[in-house]
$ cat run25.txt   # compact mmCIF, C-alpha atoms and all ligand atoms
# COMPACT_ATOMS: atom_id res chain seq x y z
CA MET A 1 0.00 0.00 0.00
CA LYS A 2 0.98 3.62 -0.37
CA PRO A 3 0.30 6.35 2.19
CA SER A 4 -2.57 8.77 1.75
CA ALA A 5 -1.60 12.25 0.51
CA PHE A 6 0.32 14.46 2.93
CA SER A 7 2.34 17.65 2.80
CA TYR A 8 5.99 17.69 3.83
CA GLU A 9 8.10 20.27 5.65
CA CYS A 10 11.81 20.01 6.36
CA PRO A 11 12.82 22.92 8.62
CA ASN A 12 16.45 23.88 9.16
CA ASP A 13 16.23 24.74 12.85
CA LEU A 14 14.31 23.76 15.94
CA GLN A 15 12.41 27.04 16.32
CA ALA A 16 11.06 26.71 12.77
CA ALA A 17 10.00 23.13 13.52
CA LEU A 18 8.21 24.23 16.70
CA ALA A 19 6.44 27.06 14.84
CA LEU A 20 5.22 24.62 12.19
CA LEU A 21 4.04 22.24 14.87
CA ALA A 22 2.08 25.03 16.58
CA SER A 23 0.01 25.72 13.49
CA ASP A 24 -3.26 23.90 12.80
CA GLY A 25 -3.59 20.52 11.17
CA ASP A 26 -2.96 16.86 11.85
CA THR A 27 0.83 16.97 11.88
CA ARG A 28 3.43 14.34 12.80
CA ILE A 29 7.16 14.59 13.39
CA LEU A 30 9.24 12.39 11.09
CA ALA A 31 12.46 11.19 12.76
CA GLY A 32 13.89 7.85 11.57
CA GLY A 33 10.61 6.95 9.88
CA GLN A 34 11.06 3.28 10.88
CA SER A 35 7.68 3.10 12.63
CA LEU A 36 5.78 6.05 11.18
CA VAL A 37 6.37 5.25 7.51
CA PRO A 38 5.18 1.61 7.76
CA MET A 39 2.12 2.81 9.69
CA MET A 40 1.41 5.36 6.97
CA ASN A 41 1.90 2.76 4.25
CA TYR A 42 -0.65 0.53 5.98
CA ARG A 43 -2.84 3.63 6.50
CA LEU A 44 -2.86 3.03 10.23
CA ALA A 45 -1.63 6.65 10.40
CA GLN A 46 -2.84 9.27 7.93
CA PRO A 47 -1.30 12.60 8.97
CA GLU A 48 -2.03 15.63 6.79
CA ARG A 49 1.51 16.93 7.22
CA LEU A 50 4.95 15.63 8.18
CA ILE A 51 7.63 17.76 9.79
CA ASP A 52 10.95 16.10 9.05
CA ILE A 53 13.44 16.88 11.86
CA ASN A 54 16.45 15.24 10.19
CA ARG A 55 18.12 18.57 9.40
CA LEU A 56 18.11 19.63 13.06
CA SER A 57 21.70 18.58 13.68
CA GLU A 58 21.64 20.36 17.06
CA LEU A 59 19.51 17.42 18.27
CA ASP A 60 22.07 14.79 17.26
CA TYR A 61 24.11 14.11 20.39
CA ILE A 62 24.87 11.75 23.27
CA ARG A 63 26.65 13.75 25.95
CA ASP A 64 27.79 13.64 29.54
CA ASP A 65 25.98 16.37 31.49
CA GLY A 66 27.55 15.60 34.87
CA GLY A 67 25.04 13.50 36.78
CA VAL A 68 23.11 12.52 33.66
CA ILE A 69 23.72 11.31 30.15
CA ALA A 70 21.66 13.37 27.70
CA ILE A 71 20.48 11.86 24.40
CA GLY A 72 19.12 14.19 21.71
CA ALA A 73 16.14 13.50 19.46
CA LEU A 74 18.30 12.70 16.44
CA ALA A 75 20.62 10.23 18.17
CA ARG A 76 20.12 6.99 16.22
CA HIS A 77 19.76 3.60 17.87
CA ALA A 78 23.07 2.53 16.27
CA ALA A 79 24.97 5.51 17.73
CA ILE A 80 23.53 4.87 21.19
CA LYS A 81 24.29 1.13 20.99
CA SER A 82 27.95 1.78 20.18
CA SER A 83 28.46 4.80 22.46
CA ASP A 84 31.22 4.39 25.06
CA LEU A 85 29.24 6.59 27.47
CA ILE A 86 26.23 4.30 27.19
CA LYS A 87 28.34 1.14 27.55
CA GLU A 88 30.03 2.56 30.63
CA HIS A 89 26.96 3.82 32.48
CA PHE A 90 24.04 1.83 31.05
CA PRO A 91 25.25 -1.60 29.85
CA ILE A 92 21.60 -2.72 29.97
CA VAL A 93 20.84 -0.32 27.09
CA ALA A 94 23.70 -1.66 24.99
CA GLU A 95 22.62 -5.24 25.75
CA ALA A 96 18.98 -4.53 24.89
CA TYR A 97 19.91 -3.13 21.49
CA ASP A 98 20.99 -6.62 20.43
CA TRP A 99 17.26 -7.42 20.63
CA ILE A 100 15.90 -4.28 18.96
CA ALA A 101 15.33 -4.39 15.22
CA HIS A 102 18.15 -4.94 12.70
CA ALA A 103 21.20 -2.90 11.71
CA ALA A 104 19.43 -1.09 8.87
CA VAL A 105 16.54 -0.05 11.13
CA ARG A 106 18.89 0.90 13.96
CA ASN A 107 20.92 3.08 11.59
CA ARG A 108 17.88 5.31 11.00
CA GLY A 109 15.59 4.85 14.00
CA THR A 110 15.95 7.10 17.05
CA LEU A 111 15.45 6.49 20.75
CA CYS A 112 13.11 9.50 20.97
CA GLY A 113 11.03 8.24 18.03
CA ASN A 114 10.89 4.83 19.65
CA LEU A 115 9.58 6.29 22.92
CA CYS A 116 7.02 8.50 21.15
CA HIS A 117 5.82 5.55 19.08
CA ALA A 118 5.17 3.67 22.37
CA ASP A 119 4.67 0.17 21.06
CA ALA A 120 3.55 -2.05 23.96
CA ALA A 121 6.18 -4.63 22.97
CA SER A 122 9.06 -2.17 22.71
CA GLU A 123 12.04 -2.61 25.03
CA MET A 124 13.25 0.97 25.60
CA PRO A 125 10.07 2.27 27.28
CA ALA A 126 10.59 -0.36 30.00
CA ILE A 127 14.31 0.33 30.31
CA MET A 128 13.90 4.13 30.47
CA GLN A 129 11.42 3.64 33.31
CA ILE A 130 13.77 1.55 35.49
CA LEU A 131 16.64 3.94 34.75
CA GLU A 132 14.33 6.77 35.90
CA ALA A 133 14.93 8.78 32.73
CA GLU A 134 13.37 12.18 32.23
CA LEU A 135 12.01 13.37 28.89
CA VAL A 136 12.30 17.01 27.79
CA LEU A 137 9.29 18.21 25.79
CA LEU A 138 9.47 21.53 23.93
CA LYS A 139 6.80 23.64 22.30
CA VAL A 140 6.77 27.28 21.17
CA GLY A 141 7.76 29.46 24.12
CA THR A 142 7.92 26.77 26.81
CA SER A 143 9.26 23.40 27.87
CA ARG A 144 8.47 20.75 30.43
CA VAL A 145 10.15 17.66 31.80
CA ILE A 146 8.24 14.46 32.40
CA ALA A 147 9.39 11.26 34.10
CA ALA A 148 9.50 8.25 31.76
CA GLN A 149 7.22 6.40 34.16
CA ASP A 150 4.49 9.04 33.57
CA PHE A 151 4.96 9.20 29.79
CA PHE A 152 3.45 5.90 28.63
CA LEU A 153 -0.33 5.83 28.82
CA GLY A 154 -1.26 2.87 26.61
CA THR A 155 -0.49 1.19 23.29
CA TYR A 156 0.76 3.95 20.93
CA GLU A 157 -0.41 6.47 23.54
CA THR A 158 1.83 8.88 25.45
CA ALA A 159 1.60 12.12 27.43
CA ILE A 160 3.14 14.21 24.62
CA ALA A 161 0.89 16.96 23.22
CA ALA A 162 0.35 17.46 19.49
CA ASP A 163 2.41 20.68 19.48
CA GLU A 164 5.39 19.28 21.44
CA ILE A 165 8.68 17.73 20.34
CA LEU A 166 10.59 15.31 22.53
CA THR A 167 14.00 16.93 22.23
CA GLU A 168 16.05 15.05 24.83
CA VAL A 169 16.13 12.00 27.08
CA ARG A 170 18.07 12.53 30.31
CA ILE A 171 19.21 9.39 32.13
CA PRO A 172 20.74 9.73 35.60
CA LYS A 173 23.96 7.81 36.09
CA PRO A 174 23.28 4.83 38.37
CA ALA A 175 24.70 4.61 41.89
CA ALA A 176 27.89 2.58 42.28
CA GLY A 177 27.19 -1.13 42.71
CA THR A 178 23.96 -1.15 40.70
CA GLY A 179 23.34 -4.53 39.07
CA TRP A 180 21.05 -5.11 36.15
CA GLY A 181 19.22 -7.87 34.30
CA PHE A 182 17.57 -8.09 30.88
CA GLU A 183 15.65 -11.05 29.47
CA GLU A 184 13.44 -11.29 26.42
CA VAL A 185 11.53 -13.89 24.46
CA ALA A 186 10.59 -12.92 20.89
CA MET A 187 10.01 -14.76 17.63
CA ARG A 188 13.62 -13.91 16.68
CA ARG A 189 16.21 -11.39 17.81
CA GLY A 190 15.22 -8.08 16.25
CA ASP A 191 11.49 -8.68 16.54
CA TYR A 192 9.22 -6.98 19.04
CA ALA A 193 9.11 -8.73 22.42
CA TRP A 194 6.58 -11.34 23.42
CA CYS A 195 7.82 -10.61 26.90
CA THR A 196 10.70 -8.46 28.13
CA VAL A 197 11.60 -8.15 31.80
CA VAL A 198 14.25 -5.69 33.01
CA ALA A 199 15.56 -4.83 36.45
CA THR A 200 18.20 -2.92 38.37
CA LEU A 201 19.00 -3.19 42.07
CA ARG A 202 21.76 -2.85 44.64
CA ILE A 203 22.78 -5.07 47.52
CA SER A 204 23.24 -3.38 50.89
CA ASP A 205 24.27 -5.47 53.94
CA GLY A 206 23.14 -8.59 52.11
CA LYS A 207 19.66 -7.19 51.39
CA ILE A 208 18.08 -5.92 48.20
CA ALA A 209 18.05 -2.11 47.89
CA ALA A 210 16.33 0.17 45.36
CA PRO A 211 14.91 -2.57 43.12
CA ARG A 212 13.38 -1.27 39.91
CA ILE A 213 11.61 -3.72 37.63
CA ALA A 214 9.60 -3.21 34.45
CA MET A 215 7.99 -5.40 31.86
CA ALA A 216 6.94 -4.94 28.22
CA GLY A 217 5.09 -7.03 25.64
CA VAL A 218 2.52 -8.31 28.09
CA ASN A 219 0.16 -5.52 29.15
CA ASP A 220 -1.02 -2.55 27.06
CA CYS A 221 2.17 -0.58 27.72
CA ALA A 222 5.51 -0.99 29.44
CA ALA A 223 5.28 -0.22 33.15
CA ARG A 224 7.16 -0.48 36.44
CA LEU A 225 6.18 -3.39 38.68
CA ARG A 226 5.78 -1.39 41.88
CA ASP A 227 4.27 -4.16 44.02
CA ALA A 228 7.10 -6.51 43.08
CA GLU A 229 9.64 -3.80 43.89
CA ALA A 230 8.06 -3.31 47.34
CA ALA A 231 8.03 -7.07 47.96
CA LEU A 232 11.78 -7.30 47.22
CA THR A 233 12.97 -4.23 49.10
CA GLU A 234 15.20 -5.04 52.08
CA GLN A 235 14.73 -8.79 51.54
CA THR A 236 17.51 -11.35 51.32
CA PRO A 237 17.86 -12.37 47.66
CA GLY A 238 17.09 -16.00 46.86
CA ALA A 239 15.27 -18.38 44.55
CA SER A 240 12.15 -18.85 46.69
CA LEU A 241 11.66 -15.08 47.05
CA PHE A 242 12.14 -14.50 43.32
CA ASP A 243 9.76 -17.33 42.36
CA ALA A 244 7.09 -16.03 44.73
CA VAL A 245 7.39 -12.50 43.34
CA ALA A 246 7.25 -13.83 39.77
CA ASP A 247 4.10 -15.83 40.59
CA THR A 248 2.40 -12.73 41.98
CA VAL A 249 3.35 -10.63 38.92
CA ALA A 250 2.22 -13.37 36.52
CA ASP A 251 -1.13 -13.79 38.29
CA ALA A 252 -1.77 -10.02 38.15
CA ALA A 253 -0.80 -9.65 34.47
CA THR A 254 -3.54 -9.07 31.89
CA PRO A 255 -1.98 -10.29 28.64
CA ALA A 256 -4.12 -10.26 25.52
CA GLU A 257 -4.37 -13.46 23.47
CA SER A 258 -2.34 -12.84 20.31
CA SER A 259 -0.23 -14.49 17.65
CA ALA A 260 2.55 -14.31 20.23
CA GLY A 261 0.70 -16.85 22.36
CA SER A 262 -2.06 -17.34 24.87
CA ALA A 263 -2.42 -15.39 28.10
CA ALA A 264 -1.33 -18.53 29.98
CA TYR A 265 1.86 -18.75 27.87
CA LYS A 266 2.71 -15.11 28.57
CA ARG A 267 2.21 -15.72 32.29
CA ASP A 268 4.60 -18.67 32.02
CA LEU A 269 7.14 -16.36 30.36
CA ILE A 270 6.93 -13.98 33.31
CA ARG A 271 7.43 -16.87 35.75
CA ALA A 272 10.51 -17.98 33.82
CA LEU A 273 12.11 -14.61 33.00
CA LEU A 274 11.61 -12.56 36.15
CA PRO A 275 13.67 -14.81 38.49
CA ARG A 276 16.48 -14.96 35.88
CA VAL A 277 16.56 -11.17 35.58
CA LEU A 278 16.68 -10.76 39.36
CA ASN A 279 19.44 -13.38 39.69
CA ASP A 280 21.52 -11.61 37.03
CA ALA A 281 20.99 -8.24 38.71
CA VAL A 282 22.07 -9.62 42.09
CA THR A 283 25.15 -11.27 40.57
CA ARG A 284 26.19 -8.03 38.84
CA ALA A 285 25.49 -5.99 41.98
CA THR A 286 27.68 -8.17 44.14
C1 LIG A 301 11.68 -4.43 10.87
C2 LIG A 301 11.57 -3.59 12.13
C3 LIG A 301 11.81 -4.19 13.36
C4 LIG A 301 11.71 -3.44 14.51
N1 LIG A 301 11.93 -4.05 15.72
C5 LIG A 301 11.82 -3.35 16.86
C6 LIG A 301 12.03 -3.96 18.13
O1 LIG A 301 12.34 -5.15 18.25
N2 LIG A 301 11.88 -3.19 19.24
C7 LIG A 301 11.54 -1.87 19.16
O2 LIG A 301 11.42 -1.21 20.18
N3 LIG A 301 11.37 -1.26 17.98
C8 LIG A 301 11.49 -1.96 16.83
N4 LIG A 301 11.28 -1.33 15.62
C9 LIG A 301 10.95 0.11 15.62
C10 LIG A 301 12.21 0.98 15.63
O3 LIG A 301 12.82 0.89 16.91
C11 LIG A 301 11.90 2.46 15.33
O4 LIG A 301 13.12 3.08 15.03
C12 LIG A 301 11.27 3.26 16.42
O5 LIG A 301 10.14 2.63 16.95
C13 LIG A 301 10.80 4.63 15.90
O6 LIG A 301 11.87 5.50 15.80
P1 LIG A 301 11.97 6.47 14.55
O7 LIG A 301 13.03 7.42 14.85
O8 LIG A 301 12.09 5.63 13.34
O9 LIG A 301 10.56 7.24 14.62
P2 LIG A 301 9.51 7.59 13.48
O10 LIG A 301 9.07 6.34 12.80
O11 LIG A 301 10.01 8.70 12.64
O12 LIG A 301 8.33 8.15 14.40
C14 LIG A 301 7.59 7.31 15.26
C15 LIG A 301 6.52 8.14 15.99
O13 LIG A 301 7.13 9.03 16.93
C16 LIG A 301 6.88 10.40 16.58
N5 LIG A 301 8.14 11.09 16.84
C17 LIG A 301 9.38 10.74 16.39
N6 LIG A 301 10.30 11.51 16.92
C18 LIG A 301 9.67 12.41 17.70
C19 LIG A 301 10.11 13.47 18.53
N7 LIG A 301 11.41 13.76 18.70
N8 LIG A 301 9.17 14.20 19.21
C20 LIG A 301 7.86 13.90 19.07
N9 LIG A 301 7.37 12.89 18.32
C21 LIG A 301 8.28 12.15 17.65
C22 LIG A 301 6.44 10.38 15.13
O14 LIG A 301 5.61 11.47 14.81
C23 LIG A 301 5.71 9.04 15.06
O15 LIG A 301 4.42 9.17 15.59
C24 LIG A 301 11.38 -2.06 14.45
C25 LIG A 301 11.15 -1.45 13.20
C26 LIG A 301 11.24 -2.20 12.05
C27 LIG A 301 10.97 -1.54 10.73
$ encode --input "run25.txt" --output "structure tokens"
Amino acid sequence: MKPSAFSYECPNDLQAALALLASDGDTRILAGGQSLVPMMNYRLAQPERLIDINRLSELDYIRDDGGVIAIGALARHAAIKSSDLIKEHFPIVAEAYDWIAHAAVRNRGTLCGNLCHADAASEMPAIMQILEAELVLLKVGTSRVIAAQDFFLGTYETAIAADEILTEVRIPKPAAGTGWGFEEVAMRRGDYAWCTVVATLRISDGKIAAPRIAMAGVNDCAARLRDAEAALTEQTPGASLFDAVADTVADAATPAESSAGSAAYKRDLIRALLPRVLNDAVTRAT
């Protein structure tokens, strides 16, 4: 299929892009185009106008801002995956990219576009939530910062307004001794997740501290598992604790039946993956 007719703008600077976005009409930002263009071709999205941000080179960066690593809207998946800053501070991000799409898609696709697309089976929305990332949203004359955990509202649904651009993701550097775990089951590497579970934690005096866990591919959007985090906090790590927490999370999950499997199968994935992720995080923390 071909997309329905649309007009196309390709501004040279951010202010021009914001001004275009502020004017009337059903407008979408075009970043890597790796999700938007297929959706337009299938006519699942039919915007009247595209604003291509690929000339806004001021948004193409991954930089150390002291306590945080800042990633601009034009930083491609491939650049983030191979960044020494990312490997040093967020090895979970580098690891996850082995599971996200293929080299050609990663060469064009952006982290910010991925977050705005908000596929329920996408890995980075879950990871940005456990890393407690903040998202910088700009519109004409003003900006706001929103926590990643408040950004995802449902499948393809986020808190961004029609006249805003996500210009930057800010990820705080983790405390020393933070361990992490990432597990995914998908049809193949590079496909969207049937189930992804991610976690970070520390070990303090033999007990679990600051556990952060999130899951994607199961419910209608990636989300933190707050009850599981509370159940693990200040507990001694071990197989029986992790299995019990995984059972509780699996029982509470509301997976839809899909080509990726039945609800019962997805619950089994949670029971299998969550203890592995927690074990890995404990091992890396200690
Ligand atoms: C074959 C294939 C396999 C894939 N596999 C995976 C996978 O396993 N996991 C996964 O997570 N993803 C996967 N993807 C999607 C890929 O990660 C995309 O790059 C990403 O979802 C969208 O990024 P983009 O820069 O291409 O955004 P675009 O496609 O350009 O835009 C996506 C949406 O975000 C909006 N948008 C983009 N940038 C901004 C911005 N800065 N501010 C406001 N709105 C913005 C657009 O208007 C649009 O609505 C796959 C894609 C393909 C084609």
$ closest_atom_pairs --input "run25.txt" --of "chain A" --to "ligand LIG 301 (chain A)" --cutoff "7 Å" --atoms "all atoms listed in the file" --output "JSON lines"
{"residue": "A:Arg28", "atom": "CA", "partner": "A:LIG301", "partner_atom": "O14", "distance": 4.1}
{"residue": "A:Ile29", "atom": "CA", "partner": "A:LIG301", "partner_atom": "O14", "distance": 3.8}
{"residue": "A:Leu30", "atom": "CA", "partner": "A:LIG301", "partner_atom": "O11", "distance": 4.1}
{"residue": "A:Ala31", "atom": "CA", "partner": "A:LIG301", "partner_atom": "O11", "distance": 3.5}
{"residue": "A:Gly32", "atom": "CA", "partner": "A:LIG301", "partner_atom": "O8", "distance": 3.4}
{"residue": "A:Gly33", "atom": "CA", "partner": "A:LIG301", "partner_atom": "O11", "distance": 3.3}
{"residue": "A:Gln34", "atom": "CA", "partner": "A:LIG301", "partner_atom": "O8", "distance": 3.6}
{"residue": "A:Ser35", "atom": "CA", "partner": "A:LIG301", "partner_atom": "O10", "distance": 3.5}
{"residue": "A:Leu36", "atom": "CA", "partner": "A:LIG301", "partner_atom": "O10", "distance": 3.7}
{"residue": "A:Val37", "atom": "CA", "partner": "A:LIG301", "partner_atom": "O10", "distance": 6.0}
{"residue": "A:Ala73", "atom": "CA", "partner": "A:LIG301", "partner_atom": "N7", "distance": 4.8}
{"residue": "A:Trp99", "atom": "CA", "partner": "A:LIG301", "partner_atom": "O1", "distance": 5.9}
{"residue": "A:Ile100", "atom": "CA", "partner": "A:LIG301", "partner_atom": "O1", "distance": 3.7}
{"residue": "A:Ala101", "atom": "CA", "partner": "A:LIG301", "partner_atom": "N1", "distance": 3.5}
{"residue": "A:His102", "atom": "CA", "partner": "A:LIG301", "partner_atom": "C3", "distance": 6.4}
{"residue": "A:Val105", "atom": "CA", "partner": "A:LIG301", "partner_atom": "C27", "distance": 5.8}
{"residue": "A:Arg106", "atom": "CA", "partner": "A:LIG301", "partner_atom": "O4", "distance": 6.3}
{"residue": "A:Arg108", "atom": "CA", "partner": "A:LIG301", "partner_atom": "O8", "distance": 6.3}
{"residue": "A:Gly109", "atom": "CA", "partner": "A:LIG301", "partner_atom": "O4", "distance": 3.2}
{"residue": "A:Thr110", "atom": "CA", "partner": "A:LIG301", "partner_atom": "O7", "distance": 3.7}
{"residue": "A:Leu111", "atom": "CA", "partner": "A:LIG301", "partner_atom": "O6", "distance": 6.2}
{"residue": "A:Cys112", "atom": "CA", "partner": "A:LIG301", "partner_atom": "N7", "distance": 5.1}
{"residue": "A:Gly113", "atom": "CA", "partner": "A:LIG301", "partner_atom": "C17", "distance": 3.4}
{"residue": "A:Asn114", "atom": "CA", "partner": "A:LIG301", "partner_atom": "O5", "distance": 3.6}
{"residue": "A:Cys116", "atom": "CA", "partner": "A:LIG301", "partner_atom": "O13", "distance": 4.3}
{"residue": "A:His117", "atom": "CA", "partner": "A:LIG301", "partner_atom": "C15", "distance": 4.1}
{"residue": "A:Asp119", "atom": "CA", "partner": "A:LIG301", "partner_atom": "O2", "distance": 6.9}
{"residue": "A:Ala121", "atom": "CA", "partner": "A:LIG301", "partner_atom": "O2", "distance": 6.9}
{"residue": "A:Ser122", "atom": "CA", "partner": "A:LIG301", "partner_atom": "O2", "distance": 3.6}
{"residue": "A:Glu123", "atom": "CA", "partner": "A:LIG301", "partner_atom": "O2", "distance": 5.1}
{"residue": "A:Met124", "atom": "CA", "partner": "A:LIG301", "partner_atom": "O2", "distance": 6.1}
{"residue": "A:Glu164", "atom": "CA", "partner": "A:LIG301", "partner_atom": "C20", "distance": 6.4}
{"residue": "A:Ile165", "atom": "CA", "partner": "A:LIG301", "partner_atom": "N8", "distance": 3.7}
{"residue": "A:Leu166", "atom": "CA", "partner": "A:LIG301", "partner_atom": "N8", "distance": 3.8}
{"residue": "A:Thr167", "atom": "CA", "partner": "A:LIG301", "partner_atom": "N7", "distance": 5.4}
{"residue": "A:Gly190", "atom": "CA", "partner": "A:LIG301", "partner_atom": "O1", "distance": 4.6}
{"residue": "A:Asp191", "atom": "CA", "partner": "A:LIG301", "partner_atom": "O1", "distance": 4.0}
{"residue": "A:Tyr192", "atom": "CA", "partner": "A:LIG301", "partner_atom": "O1", "distance": 3.7}
{"residue": "A:Ala193", "atom": "CA", "partner": "A:LIG301", "partner_atom": "O1", "distance": 6.4}
$ atom_distance --input "run25.txt" --atom1 "atom CA of Ala75 of chain A" --atom2 "atom CA of Arg43 of chain A"
27.0 Å
$ atom_distance --input "run25.txt" --atom1 "atom CA of Ala120 of chain A" --atom2 "atom CA of Pro3 of chain A"
23.6 Å
$ atom_distance --input "run25.txt" --atom1 "atom CA of Thr254 of chain A" --atom2 "atom CA of Ile130 of chain A"
20.6 Å
$ closest_residue --input "run25.txt" --among "A:Ile92, A:Leu241, A:Ala118, A:Ile146" --to "Arg284 of chain A" --atoms "all atoms listed in the file"
A:Ile92
$ residues_around --input "run25.txt" --residues "Tyr265 of chain A" --least-positions-apart "5" --cutoff "12 Å" --atoms "all atoms listed in the file" --output "list in words"
Val185, Trp194, Cys195, Val218, Ala250, Asp251, Ala253, Thr254, Pro255, Ala256, Glu257, Ser258, Ser259, Ala260, Ile270, Arg271 and Ala272 of chain A
$ closest_residue --input "run25.txt" --among "A:Ala210, A:Ala78, A:Leu138, A:Ile69" --to "Ala19 of chain A" --atoms "only C-alpha atoms"
A:Leu138
$ residues_around --input "run25.txt" --residues "Ala5 of chain A" --least-positions-apart "4" --cutoff "9 Å" --atoms "only C-alpha atoms" --output "PyMOL selection string"
chain A and resi 46-49
$ closest_residue --input "run25.txt" --among "A:Pro174, A:Arg202, A:Pro275, A:Glu168" --to "Arg144 of chain A" --atoms "all atoms listed in the file"
A:Glu168
$ closest_residue --input "run25.txt" --among "A:Asp13, A:Thr27, A:Lys139, A:Ala96" --to "Leu56 of chain A" --atoms "only C-alpha atoms"
A:Asp13
$ residues_around --input "run25.txt" --residues "Glu229 of chain A" --least-positions-apart "4" --cutoff "10 Å" --atoms "only C-alpha atoms" --output "number ranges by chain"
A: 199, 201, 208-214, 224-225, 233-234, 245
$ residues_around --input "run25.txt" --residues "Gly206 of chain A" --least-positions-apart "2" --cutoff "8 Å" --atoms "only C-alpha atoms" --output "ChimeraX atom specification"
/A:203-204,208,236-237
$ closest_residue --input "run25.txt" --among "A:Val282, A:Ile51, A:Ala244, A:Ala222" --to "Tyr156 of chain A" --atoms "all atoms listed in the file"
A:Ala222
$ axis_aligned_box --input "run25.txt" --around "segment 173-178 of chain A" --padding-each-side "8 Å" --output "lines of an AutoDock Vina configuration file"
center_x = 25.6
center_y = 3.3
center_z = 39.4
size_x = 20.6
size_y = 25.0
size_z = 22.6
